[in-house]
$ cat query.cif   # mmCIF, C-alpha atoms and all ligand atoms
data_start
#
loop_
_atom_site.label_atom_id
_atom_site.label_comp_id
_atom_site.auth_asym_id
_atom_site.auth_seq_id
_atom_site.Cartn_x
_atom_site.Cartn_y
_atom_site.Cartn_z
CA MET O 21 9.43 25.73 100.47
CA THR O 22 12.60 24.98 98.61
CA THR O 23 15.65 23.67 100.41
CA ALA O 24 17.99 23.60 97.43
CA ILE O 25 20.40 26.54 97.38
CA ARG O 26 19.57 28.60 94.33
CA GLN O 27 22.15 30.93 92.89
CA ALA O 28 21.12 34.57 92.66
CA PRO O 29 21.37 35.81 89.03
CA HIS O 30 22.98 39.08 90.15
CA HIS O 31 23.78 41.15 93.21
CA ARG O 32 22.64 44.59 92.08
CA ASN O 33 19.57 45.16 94.18
CA LEU O 34 17.46 43.53 96.90
CA THR O 35 16.49 40.48 94.87
CA CYS O 36 19.44 38.30 95.92
CA VAL O 37 18.77 38.75 99.64
CA LYS O 38 14.97 38.69 99.45
CA GLU O 39 14.54 35.78 97.07
CA TYR O 40 17.81 33.87 97.22
CA ARG O 41 18.85 34.52 100.85
CA CYS O 42 22.19 35.85 99.72
CA ARG O 43 24.55 36.40 102.71
CA ARG O 44 27.30 38.39 100.98
CA PRO O 45 28.25 41.18 103.41
CA GLU O 46 27.73 43.96 100.83
CA CYS O 47 24.29 42.58 99.91
CA VAL O 48 23.22 42.21 103.53
CA ALA O 49 24.39 45.78 104.16
CA ARG O 50 22.40 47.03 101.15
CA HIS O 51 19.33 45.19 102.36
CA ASN O 52 19.67 46.55 105.91
CA ALA O 53 20.13 50.07 104.62
CA TYR O 54 16.93 49.73 102.60
CA GLN O 55 15.04 48.40 105.63
CA ARG O 56 16.23 51.40 107.69
CA HIS O 57 15.15 53.72 104.86
CA VAL O 58 11.67 52.18 104.76
CA TYR O 59 11.43 52.29 108.56
CA ARG O 60 12.36 55.99 108.64
CA GLN O 61 10.02 56.90 105.81
CA LYS O 62 7.18 55.09 107.56
CA GLY O 63 8.05 57.00 110.72
CA TYR O 64 7.82 60.31 108.84
CA GLY O 65 4.61 59.18 107.20
CA THR O 66 6.21 59.62 103.77
CA TRP O 67 6.62 55.96 102.85
CA GLN O 68 5.36 55.13 99.38
CA PRO O 69 5.61 51.63 98.06
CA LEU O 70 6.42 50.90 94.41
CA VAL O 71 3.68 51.70 91.92
CA ASP O 72 2.38 49.94 88.82
CA ALA O 73 4.66 50.59 85.83
CA ALA O 74 1.86 50.24 83.26
CA PRO O 75 0.72 53.91 83.14
CA ALA O 76 4.33 55.08 82.68
CA ARG O 77 4.87 52.45 79.97
CA GLN O 78 1.70 53.56 78.16
CA HIS O 79 2.81 57.18 78.39
CA ILE O 80 6.20 56.29 76.89
CA ASP O 81 4.43 54.45 74.05
CA ALA O 82 2.23 57.51 73.41
CA LEU O 83 5.28 59.79 73.41
CA ARG O 84 7.06 57.54 70.91
CA GLU O 85 3.91 57.52 68.78
CA ALA O 86 4.06 61.33 68.81
CA GLY O 87 7.58 61.17 67.42
CA HIS O 88 9.74 61.39 70.55
CA SER O 89 12.89 59.28 70.62
CA ILE O 90 13.91 57.20 73.62
CA PRO O 91 16.94 59.44 74.39
CA ASP O 92 14.63 62.46 74.19
CA ILE O 93 12.14 60.90 76.66
CA GLN O 94 15.00 59.87 78.93
CA LYS O 95 16.35 63.42 78.98
CA GLN O 96 12.96 65.05 79.61
CA ALA O 97 11.97 62.61 82.35
CA ARG O 98 15.46 62.63 83.91
CA VAL O 99 15.60 58.84 84.21
CA SER O 100 18.43 56.52 83.29
CA ALA O 101 18.54 54.51 80.07
CA ALA O 102 18.55 51.36 82.19
CA THR O 103 15.37 52.40 84.00
CA LEU O 104 13.58 53.10 80.71
CA ALA O 105 14.79 49.80 79.28
CA ARG O 106 13.44 47.90 82.31
CA ILE O 107 10.06 49.61 82.01
CA LEU O 108 9.81 49.04 78.26
CA TYR O 109 11.16 45.50 78.21
CA ASP O 110 13.55 45.25 75.28
CA GLY O 111 13.52 41.47 75.20
CA THR O 112 16.76 41.00 77.15
CA ASN O 113 16.09 42.39 80.62
CA LYS O 114 13.30 41.41 82.92
CA ARG O 115 10.39 43.82 82.57
CA ALA O 116 9.76 46.03 85.59
CA GLU O 117 6.14 45.64 86.67
CA ARG O 118 6.52 48.04 89.59
CA ILE O 119 8.62 51.19 89.72
CA ARG O 120 9.48 53.93 92.20
CA PRO O 121 6.67 56.51 92.42
CA GLU O 122 9.01 59.44 91.67
CA VAL O 123 10.17 57.72 88.47
CA ALA O 124 6.56 57.16 87.41
CA GLN O 125 5.71 60.80 88.16
CA ARG O 126 8.65 62.17 86.17
CA ILE O 127 7.77 60.02 83.14
CA LEU O 128 4.09 60.94 83.29
CA ALA O 129 5.05 64.63 83.55
CA VAL O 130 6.70 64.63 80.09
CA PRO O 131 4.17 66.59 77.99
CA LEU O 132 2.51 64.68 75.20
CA ALA O 133 3.13 67.21 72.43
CA PRO O 134 4.16 66.29 68.92
CA ALA O 135 7.94 66.30 68.62
CA PRO O 136 9.18 69.04 66.32
CA VAL O 137 9.79 67.45 62.92
CA LYS O 138 13.13 68.20 61.28
CA PRO O 139 13.10 68.54 57.46
CA SER O 140 15.39 65.50 57.26
CA THR O 141 13.02 63.31 59.29
CA VAL O 142 11.40 60.48 57.36
CA ILE O 143 7.65 60.43 57.96
CA ASP O 144 4.60 58.48 56.82
CA ALA O 145 3.73 59.33 53.19
CA THR O 146 -0.05 58.87 53.45
CA GLY O 147 -0.84 62.60 53.23
CA THR O 148 1.62 63.12 50.35
CA ARG O 149 0.15 60.24 48.34
CA ARG O 150 -3.43 61.34 48.96
CA ARG O 151 -2.68 64.96 47.97
CA LEU O 152 -1.20 63.91 44.64
CA GLN O 153 -4.04 61.46 44.05
CA ALA O 154 -6.60 64.16 44.90
CA LEU O 155 -5.04 66.59 42.42
CA ILE O 156 -5.05 63.93 39.69
CA SER O 157 -8.70 63.18 40.43
CA MET O 158 -9.38 66.90 39.76
CA GLY O 159 -7.81 66.54 36.33
CA TRP O 160 -4.24 67.65 37.06
CA THR O 161 -1.46 65.80 35.26
CA LEU O 162 1.94 65.10 36.78
CA THR O 163 3.51 66.99 33.86
CA ALA O 164 1.57 70.13 34.84
CA LEU O 165 2.06 69.57 38.57
CA GLY O 166 5.83 69.08 38.34
CA PRO O 167 6.83 72.76 37.90
CA ARG O 168 3.96 73.89 40.15
CA LEU O 169 5.05 71.66 43.07
CA GLY O 170 8.76 71.95 42.35
CA PHE O 171 9.44 68.29 41.50
CA HIS O 172 10.29 66.40 38.36
CA PRO O 173 7.14 64.58 37.15
CA ARG O 174 8.99 61.26 37.45
CA ARG O 175 9.65 62.04 41.11
CA LEU O 176 5.92 62.70 41.57
CA THR O 177 5.20 59.27 40.06
CA ASP O 178 7.48 57.74 42.69
CA LEU O 179 5.78 59.74 45.45
CA LEU O 180 2.38 58.40 44.36
CA HIS O 181 3.58 54.98 45.49
CA SER O 182 5.81 55.88 48.46
CA ASP O 183 5.23 54.65 51.99
CA ARG O 184 7.73 56.99 53.62
CA VAL O 185 8.81 60.46 52.64
CA LEU O 186 11.14 63.21 53.87
CA ALA O 187 9.29 65.77 56.01
CA SER O 188 10.65 68.52 53.74
CA THR O 189 9.17 66.79 50.67
CA ALA O 190 5.80 66.31 52.38
CA ARG O 191 5.82 70.01 53.30
CA ARG O 192 6.52 71.12 49.72
CA ILE O 193 3.78 68.89 48.32
CA ALA O 194 1.31 70.17 50.93
CA ASP O 195 2.17 73.80 50.13
CA GLY O 196 1.69 73.30 46.40
CA TYR O 197 -1.47 71.27 46.96
CA ARG O 198 -3.10 74.04 48.98
CA VAL O 199 -3.12 76.30 45.92
CA ALA O 200 -3.48 73.71 43.13
CA GLN O 201 -6.62 72.19 44.68
CA THR O 202 -8.41 75.52 44.20
CA LEU O 203 -7.46 75.93 40.55
CA ASP O 204 -9.09 74.53 37.46
CA PRO O 205 -6.42 72.43 35.71
CA ALA O 206 -7.98 73.19 32.31
CA ALA O 207 -7.46 76.91 32.92
CA HIS O 208 -3.84 76.32 33.94
CA GLY O 209 -2.25 74.54 31.05
CA VAL O 210 -3.74 71.05 31.22
CA PRO O 211 -5.25 70.01 27.85
CA LYS O 212 -8.88 68.90 28.19
CA LYS O 213 -8.06 65.40 26.96
CA SER O 214 -5.25 64.98 29.49
CA ALA O 215 -7.48 66.26 32.30
CA LYS O 216 -10.09 63.69 31.39
CA ALA O 217 -7.46 60.94 31.29
CA SER O 218 -6.31 61.97 34.80
CA ARG O 219 -9.84 61.91 36.16
CA ASN O 220 -10.42 58.49 34.60
CA LEU O 221 -7.18 57.17 36.06
CA ALA O 222 -8.18 58.42 39.53
CA SER O 223 -11.60 56.88 39.21
CA ARG O 224 -10.12 53.50 38.15
CA GLU O 225 -7.63 53.62 41.02
CA GLY O 226 -10.30 54.65 43.51
CA TRP O 227 -8.50 57.89 44.41
CA HIS O 228 -10.41 60.61 46.21
CA GLY O 229 -10.70 64.32 45.56
CA PRO O 230 -9.71 67.09 48.01
CA LEU O 231 -13.24 67.46 49.36
CA ASP O 232 -13.46 63.81 50.37
CA TRP O 233 -10.87 64.27 53.12
CA ASP O 234 -11.46 65.75 56.56
CA ASN O 235 -7.92 64.93 57.68
CA ILE O 236 -5.89 63.98 54.67
CA ASP O 237 -2.77 63.17 56.73
CA ASP O 238 -4.44 60.74 59.11
CA PRO O 239 -3.75 57.18 57.88
CA ALA O 240 -6.84 56.01 59.81
CA ALA O 241 -9.15 58.58 58.18
CA LYS O 242 -11.76 57.30 55.73
CA PRO O 243 -12.72 59.37 52.69
CA GLU O 244 -16.17 60.96 52.81
CA THR O 245 -17.62 59.02 49.88
CA SER O 246 -16.86 55.62 51.37
CA ARG O 247 -18.81 56.38 54.51
CA LYS O 248 -22.23 54.90 55.08
CA PRO O 249 -24.89 56.44 52.83
CA ARG O 250 -27.08 58.96 54.55
CA ALA O 251 -30.69 58.25 55.39
CA LYS O 252 -32.86 58.64 52.31
CA ASP O 253 -35.24 61.13 53.85
CA ARG O 254 -32.46 63.60 54.58
CA PRO O 255 -31.33 65.81 51.70
CA ARG O 256 -28.13 64.50 50.15
CA LYS O 257 -25.23 66.91 50.53
CA VAL O 258 -23.43 67.47 47.26
CA GLN O 259 -20.08 69.23 47.50
CA ALA O 260 -19.18 71.84 44.93
CA ASP O 261 -15.94 70.98 43.17
CA PRO O 262 -13.81 74.17 43.58
CA ALA O 263 -12.19 73.75 40.15
CA ARG O 264 -15.54 73.48 38.43
CA VAL O 265 -16.94 76.39 40.40
CA ALA O 266 -13.91 78.49 39.47
CA ARG O 267 -14.29 77.56 35.80
CA LEU O 268 -18.00 78.39 35.67
CA THR O 269 -17.49 81.60 37.66
CA ALA O 270 -14.83 82.67 35.15
CA GLN O 271 -17.41 82.06 32.43
CA GLY O 272 -19.73 84.50 34.14
CA TRP O 273 -22.16 82.08 35.80
CA SER O 274 -23.94 83.18 38.97
CA ALA O 275 -23.71 81.14 42.18
CA GLY O 276 -27.35 80.10 41.74
CA GLN O 277 -26.77 78.90 38.18
CA ILE O 278 -23.66 76.97 39.22
CA ALA O 279 -25.52 75.37 42.13
CA GLN O 280 -28.24 74.23 39.77
CA GLU O 281 -25.71 72.91 37.27
CA ILE O 282 -23.75 70.94 39.88
CA GLY O 283 -26.82 69.91 41.85
CA CYS O 284 -25.56 71.28 45.13
CA HIS O 285 -26.71 74.01 47.50
CA LYS O 286 -25.87 77.60 46.63
CA ARG O 287 -24.00 77.79 49.95
CA SER O 288 -21.52 75.16 48.74
CA VAL O 289 -20.77 77.25 45.67
CA VAL O 290 -20.15 80.35 47.79
CA ARG O 291 -17.96 78.33 50.15
CA ALA O 292 -15.96 76.87 47.27
CA ARG O 293 -15.42 80.36 45.83
CA ARG O 294 -14.31 81.74 49.20
CA ARG O 295 -11.92 78.81 49.61
CA ALA O 296 -10.36 79.55 46.22
CA GLU O 297 -9.97 83.24 47.09
CA MET O 298 -8.35 82.48 50.44
CA ALA O 299 -5.86 80.11 48.86
CA VAL O 300 -4.87 82.72 46.29
CA ALA O 301 -4.51 85.40 48.99
CA ALA O 302 -2.41 83.12 51.24
ZN ZN O 401 23.79 39.21 96.89
#
$ encode --input "query.cif" --output "structure tokens"
Amino acid sequence: MTTAIRQAPHHRNLTCVKEYRCRRPECVARHNAYQRHVYRQKGYGTWQPLVDAAPARQHIDALREAGHSIPDIQKQARVSAATLARILYDGTNKRAERIRPEVAQRILAVPLAPAPVKPSTVIDATGTRRRLQALISMGWTLTALGPRLGFHPRRLTDLLHSDRVLASTARRIADGYRVAQTLDPAAHGVPKKSAKASRNLASREGWHGPLDWDNIDDPAAKPETSRKPRAKDRPRKVQADPARVARLTAQGWSAGQIAQEIGCHKRSVVRARRRAEMAVAA
């Protein structure tokens, strides 16, 4: 037990009276009012002590991850900026380990949906980079992609190495990619030699084609080909390259012939053809 008189850091809440035995009349009054409040609530059977702040803090982190700003969270949860700051701990205030249950409930009630992305928002460029890399690995050149995607080829070169990108740019690349990935570059203005150079570049750089990605936008996603090899006794699944399928189909090959040529199942050929048709119809 300490006998030295310690100075309370502030007189905003119950801390000064509870921990520093502050006797200022306004602080004593605040403390007594709180005690009466607790006493009444207990009498009504509605008393709820403070709750752990960790779930609310985790929910705020998840919301921010989903693209929500702090002012947006504050507005939706109807809590003050100061309350959020105490929960989050910004490095200046003391972190709140326990909060009022109604505050926790209001924060946890904010739905965890992706925030609508404005065209001017800067987002992660992973998906944009991978789409361009995938098109190059098919044999597309930036010169041919420029007019198709609506960008100067030099701008596409920059985008191949960008970490962040405007949401509007990412959208335009994704739209152009959806169609271009189903087309054979050689049949759309890319000289054979250039297409080969693109494919070689992609192979040297370790870039992956469209079929290697389940979720091309997810930075944590691993391309299909870098996954663990399948067990030897199971048949290896070879994907039909849509561009190659389209090219051979145009030359009058049947699905069976193409499957044999590529070394994949006939189903893959049919699927690749359907994918190309859907992209053209879209
Ligand atoms: Zn005080």
$ residues_around --input "query.cif" --residues "Lys216 of chain O" --least-positions-apart "5" --cutoff "12 Å" --atoms "all atoms listed in the file" --output "PyMOL selection string"
chain O and resi 156-161+205-206+210-211+221-223
$ closest_residue --input "query.cif" --among "O:Pro167, O:Pro173, O:Pro262, O:Gly87" --to "Ala135 of chain O" --atoms "only C-alpha atoms"
O:Gly87
$ residues_near_ligand --input "query.cif" --ligand "ligand ZN 401 (chain O)" --cutoff "8 Å" --atoms "all atoms listed in the file" --output "PDB file with C-alpha atoms, keeping the file's coordinate frame"
ATOM      1  CA  ALA O  28      21.120  34.570  92.660  1.00  0.00           C
ATOM      2  CA  HIS O  30      22.980  39.080  90.150  1.00  0.00           C
ATOM      3  CA  HIS O  31      23.780  41.150  93.210  1.00  0.00           C
ATOM      4  CA  ARG O  32      22.640  44.590  92.080  1.00  0.00           C
ATOM      5  CA  ASN O  33      19.570  45.160  94.180  1.00  0.00           C
ATOM      6  CA  LEU O  34      17.460  43.530  96.900  1.00  0.00           C
ATOM      7  CA  THR O  35      16.490  40.480  94.870  1.00  0.00           C
ATOM      8  CA  CYS O  36      19.440  38.300  95.920  1.00  0.00           C
ATOM      9  CA  VAL O  37      18.770  38.750  99.640  1.00  0.00           C
ATOM     10  CA  ARG O  41      18.850  34.520 100.850  1.00  0.00           C
ATOM     11  CA  CYS O  42      22.190  35.850  99.720  1.00  0.00           C
ATOM     12  CA  ARG O  43      24.550  36.400 102.710  1.00  0.00           C
ATOM     13  CA  ARG O  44      27.300  38.390 100.980  1.00  0.00           C
ATOM     14  CA  GLU O  46      27.730  43.960 100.830  1.00  0.00           C
ATOM     15  CA  CYS O  47      24.290  42.580  99.910  1.00  0.00           C
ATOM     16  CA  VAL O  48      23.220  42.210 103.530  1.00  0.00           C
TER      17      VAL O  48
END
$ atom_distance --input "query.cif" --atom1 "atom CA of Pro91 of chain O" --atom2 "atom CA of Pro131 of chain O"
15.1 Å
$ closest_residue --input "query.cif" --among "O:Lys38, O:Arg26, O:Arg151, O:Arg98" --to "Arg192 of chain O" --atoms "only C-alpha atoms"
O:Arg151
$ closest_residue --input "query.cif" --among "O:Thr141, O:Gln280, O:Gln153, O:Ser288" --to "His88 of chain O" --atoms "all atoms listed in the file"
O:Thr141
$ residues_around --input "query.cif" --residues "segment 291-296 of chain O" --least-positions-apart "5" --cutoff "7 Å" --atoms "all atoms listed in the file" --output "CSV table (one decimal) with C-alpha atoms, in the coordinates of the input"
chain,number,residue,atom,x,y,z
O,202,THR,CA,-8.4,75.5,44.2
O,260,ALA,CA,-19.2,71.8,44.9
O,262,PRO,CA,-13.8,74.2,43.6
O,265,VAL,CA,-16.9,76.4,40.4
O,266,ALA,CA,-13.9,78.5,39.5
$ atom_distance --input "query.cif" --atom1 "atom CA of Lys62 of chain O" --atom2 "atom CA of Glu122 of chain O"
16.6 Å
$ atom_distance --input "query.cif" --atom1 "atom CA of Phe171 of chain O" --atom2 "atom CA of Asn235 of chain O"
24.0 Å
$ closest_residue --input "query.cif" --among "O:Leu132, O:Glu39, O:Asn52, O:Arg106" --to "Glu85 of chain O" --atoms "all atoms listed in the file"
O:Leu132
$ closest_residue --input "query.cif" --among "O:Lys138, O:Arg115, O:Arg149, O:Arg267" --to "His208 of chain O" --atoms "only C-alpha atoms"
O:Arg267
$ closest_residue --input "query.cif" --among "O:Asp238, O:Asp144, O:Asp204, O:Glu225" --to "Arg264 of chain O" --atoms "all atoms listed in the file"
O:Asp204
$ residues_near_point --input "query.cif" --point "(3.4, 46.6, 88.6)" --cutoff "8 Å" --atoms "all atoms listed in the file" --output "PyMOL selection string"
chain O and resi 70-74+116-119
$ residues_around --input "query.cif" --residues "segment 175-184 of chain O" --least-positions-apart "2" --cutoff "9 Å" --atoms "all atoms listed in the file" --output "mmCIF file with C-alpha atoms, in the coordinates of the input"
data_model
loop_
_atom_site.group_PDB
_atom_site.id
_atom_site.type_symbol
_atom_site.label_atom_id
_atom_site.label_comp_id
_atom_site.auth_asym_id
_atom_site.auth_seq_id
_atom_site.Cartn_x
_atom_site.Cartn_y
_atom_site.Cartn_z
ATOM 1 C CA VAL O 142 11.400 60.480 57.360
ATOM 2 C CA ILE O 143 7.650 60.430 57.960
ATOM 3 C CA ASP O 144 4.600 58.480 56.820
ATOM 4 C CA ALA O 145 3.730 59.330 53.190
ATOM 5 C CA THR O 146 -0.050 58.870 53.450
ATOM 6 C CA THR O 148 1.620 63.120 50.350
ATOM 7 C CA ARG O 149 0.150 60.240 48.340
ATOM 8 C CA ARG O 150 -3.430 61.340 48.960
ATOM 9 C CA LEU O 152 -1.200 63.910 44.640
ATOM 10 C CA GLN O 153 -4.040 61.460 44.050
ATOM 11 C CA LEU O 162 1.940 65.100 36.780
ATOM 12 C CA LEU O 165 2.060 69.570 38.570
ATOM 13 C CA GLY O 166 5.830 69.080 38.340
ATOM 14 C CA PHE O 171 9.440 68.290 41.500
ATOM 15 C CA HIS O 172 10.290 66.400 38.360
ATOM 16 C CA PRO O 173 7.140 64.580 37.150
ATOM 17 C CA LEU O 186 11.140 63.210 53.870
#
$ build_atoms --input "query.cif" --residues "segment 132-165 of chain O" --atoms "N, CA and C atoms" --output "mmCIF file, keeping the file's coordinate frame"
data_model
loop_
_atom_site.group_PDB
_atom_site.id
_atom_site.type_symbol
_atom_site.label_atom_id
_atom_site.label_comp_id
_atom_site.auth_asym_id
_atom_site.auth_seq_id
_atom_site.Cartn_x
_atom_site.Cartn_y
_atom_site.Cartn_z
ATOM 1 N N LEU O 132 2.807 65.453 76.409
ATOM 2 C CA LEU O 132 2.510 64.680 75.200
ATOM 3 C C LEU O 132 2.216 65.639 74.052
ATOM 4 N N ALA O 133 3.258 66.299 73.574
ATOM 5 C CA ALA O 133 3.130 67.210 72.430
ATOM 6 C C ALA O 133 3.882 66.598 71.269
ATOM 7 N N PRO O 134 3.425 66.855 70.049
ATOM 8 C CA PRO O 134 4.160 66.290 68.920
ATOM 9 C C PRO O 134 5.604 66.790 68.922
ATOM 10 N N ALA O 135 6.538 65.894 68.687
ATOM 11 C CA ALA O 135 7.940 66.300 68.620
ATOM 12 C C ALA O 135 8.133 67.166 67.389
ATOM 13 N N PRO O 136 8.939 68.221 67.503
ATOM 14 C CA PRO O 136 9.180 69.040 66.320
ATOM 15 C C PRO O 136 9.823 68.183 65.230
ATOM 16 N N VAL O 137 9.295 68.294 64.015
ATOM 17 C CA VAL O 137 9.790 67.450 62.920
ATOM 18 C C VAL O 137 10.860 68.205 62.146
ATOM 19 N N LYS O 138 12.035 67.616 62.059
ATOM 20 C CA LYS O 138 13.130 68.200 61.280
ATOM 21 C C LYS O 138 12.878 67.892 59.804
ATOM 22 N N PRO O 139 13.319 68.777 58.897
ATOM 23 C CA PRO O 139 13.100 68.540 57.460
ATOM 24 C C PRO O 139 13.675 67.199 57.011
ATOM 25 N N SER O 140 14.730 66.735 57.680
ATOM 26 C CA SER O 140 15.390 65.500 57.260
ATOM 27 C C SER O 140 14.730 64.261 57.853
ATOM 28 N N THR O 141 13.697 64.461 58.691
ATOM 29 C CA THR O 141 13.020 63.310 59.290
ATOM 30 C C THR O 141 12.188 62.586 58.242
ATOM 31 N N VAL O 142 12.223 61.267 58.271
ATOM 32 C CA VAL O 142 11.400 60.480 57.360
ATOM 33 C C VAL O 142 10.055 60.223 58.036
ATOM 34 N N ILE O 143 8.976 60.580 57.362
ATOM 35 C CA ILE O 143 7.650 60.430 57.960
ATOM 36 C C ILE O 143 6.757 59.568 57.058
ATOM 37 N N ASP O 144 5.588 59.244 57.574
ATOM 38 C CA ASP O 144 4.600 58.480 56.820
ATOM 39 C C ASP O 144 4.156 59.288 55.589
ATOM 40 N N ALA O 145 4.017 58.616 54.443
ATOM 41 C CA ALA O 145 3.730 59.330 53.190
ATOM 42 C C ALA O 145 2.247 59.366 52.841
ATOM 43 N N THR O 146 1.383 58.931 53.764
ATOM 44 C CA THR O 146 -0.050 58.870 53.450
ATOM 45 C C THR O 146 -0.589 60.192 52.912
ATOM 46 N N GLY O 147 -0.317 61.295 53.626
ATOM 47 C CA GLY O 147 -0.840 62.600 53.230
ATOM 48 C C GLY O 147 -0.301 63.049 51.879
ATOM 49 N N THR O 148 0.984 62.746 51.624
ATOM 50 C CA THR O 148 1.620 63.120 50.350
ATOM 51 C C THR O 148 0.956 62.366 49.198
ATOM 52 N N ARG O 149 0.794 61.064 49.374
ATOM 53 C CA ARG O 149 0.150 60.240 48.340
ATOM 54 C C ARG O 149 -1.261 60.739 48.056
ATOM 55 N N ARG O 150 -2.031 60.928 49.123
ATOM 56 C CA ARG O 150 -3.430 61.340 48.960
ATOM 57 C C ARG O 150 -3.542 62.704 48.296
ATOM 58 N N ARG O 151 -2.618 63.627 48.591
ATOM 59 C CA ARG O 151 -2.680 64.960 47.970
ATOM 60 C C ARG O 151 -2.466 64.854 46.466
ATOM 61 N N LEU O 152 -1.458 64.066 46.069
ATOM 62 C CA LEU O 152 -1.200 63.910 44.640
ATOM 63 C C LEU O 152 -2.377 63.206 43.960
ATOM 64 N N GLN O 153 -2.898 62.186 44.606
ATOM 65 C CA GLN O 153 -4.040 61.460 44.050
ATOM 66 C C GLN O 153 -5.249 62.379 43.912
ATOM 67 N N ALA O 154 -5.449 63.241 44.923
ATOM 68 C CA ALA O 154 -6.600 64.160 44.900
ATOM 69 C C ALA O 154 -6.474 65.148 43.751
ATOM 70 N N LEU O 155 -5.246 65.639 43.511
ATOM 71 C CA LEU O 155 -5.040 66.590 42.420
ATOM 72 C C LEU O 155 -5.277 65.910 41.074
ATOM 73 N N ILE O 156 -4.839 64.660 40.945
ATOM 74 C CA ILE O 156 -5.050 63.930 39.690
ATOM 75 C C ILE O 156 -6.557 63.692 39.482
ATOM 76 N N SER O 157 -7.263 63.422 40.568
ATOM 77 C CA SER O 157 -8.700 63.180 40.430
ATOM 78 C C SER O 157 -9.436 64.450 40.012
ATOM 79 N N MET O 158 -8.802 65.627 40.238
ATOM 80 C CA MET O 158 -9.380 66.900 39.760
ATOM 81 C C MET O 158 -9.113 67.106 38.284
ATOM 82 N N GLY O 159 -8.161 66.355 37.726
ATOM 83 C CA GLY O 159 -7.810 66.540 36.330
ATOM 84 C C GLY O 159 -6.392 67.039 36.114
ATOM 85 N N TRP O 160 -5.648 67.233 37.204
ATOM 86 C CA TRP O 160 -4.240 67.650 37.060
ATOM 87 C C TRP O 160 -3.434 66.485 36.490
ATOM 88 N N THR O 161 -2.409 66.821 35.713
ATOM 89 C CA THR O 161 -1.460 65.800 35.260
ATOM 90 C C THR O 161 -0.151 66.016 36.004
ATOM 91 N N LEU O 162 0.658 64.976 36.093
ATOM 92 C CA LEU O 162 1.940 65.100 36.780
ATOM 93 C C LEU O 162 2.863 66.052 36.011
ATOM 94 N N THR O 163 2.689 66.095 34.688
ATOM 95 C CA THR O 163 3.510 66.990 33.860
ATOM 96 C C THR O 163 3.221 68.449 34.246
ATOM 97 N N ALA O 164 1.938 68.766 34.469
ATOM 98 C CA ALA O 164 1.570 70.130 34.840
ATOM 99 C C ALA O 164 1.911 70.410 36.304
ATOM 100 N N LEU O 165 1.813 69.372 37.140
ATOM 101 C CA LEU O 165 2.060 69.570 38.570
ATOM 102 C C LEU O 165 3.548 69.721 38.885
#
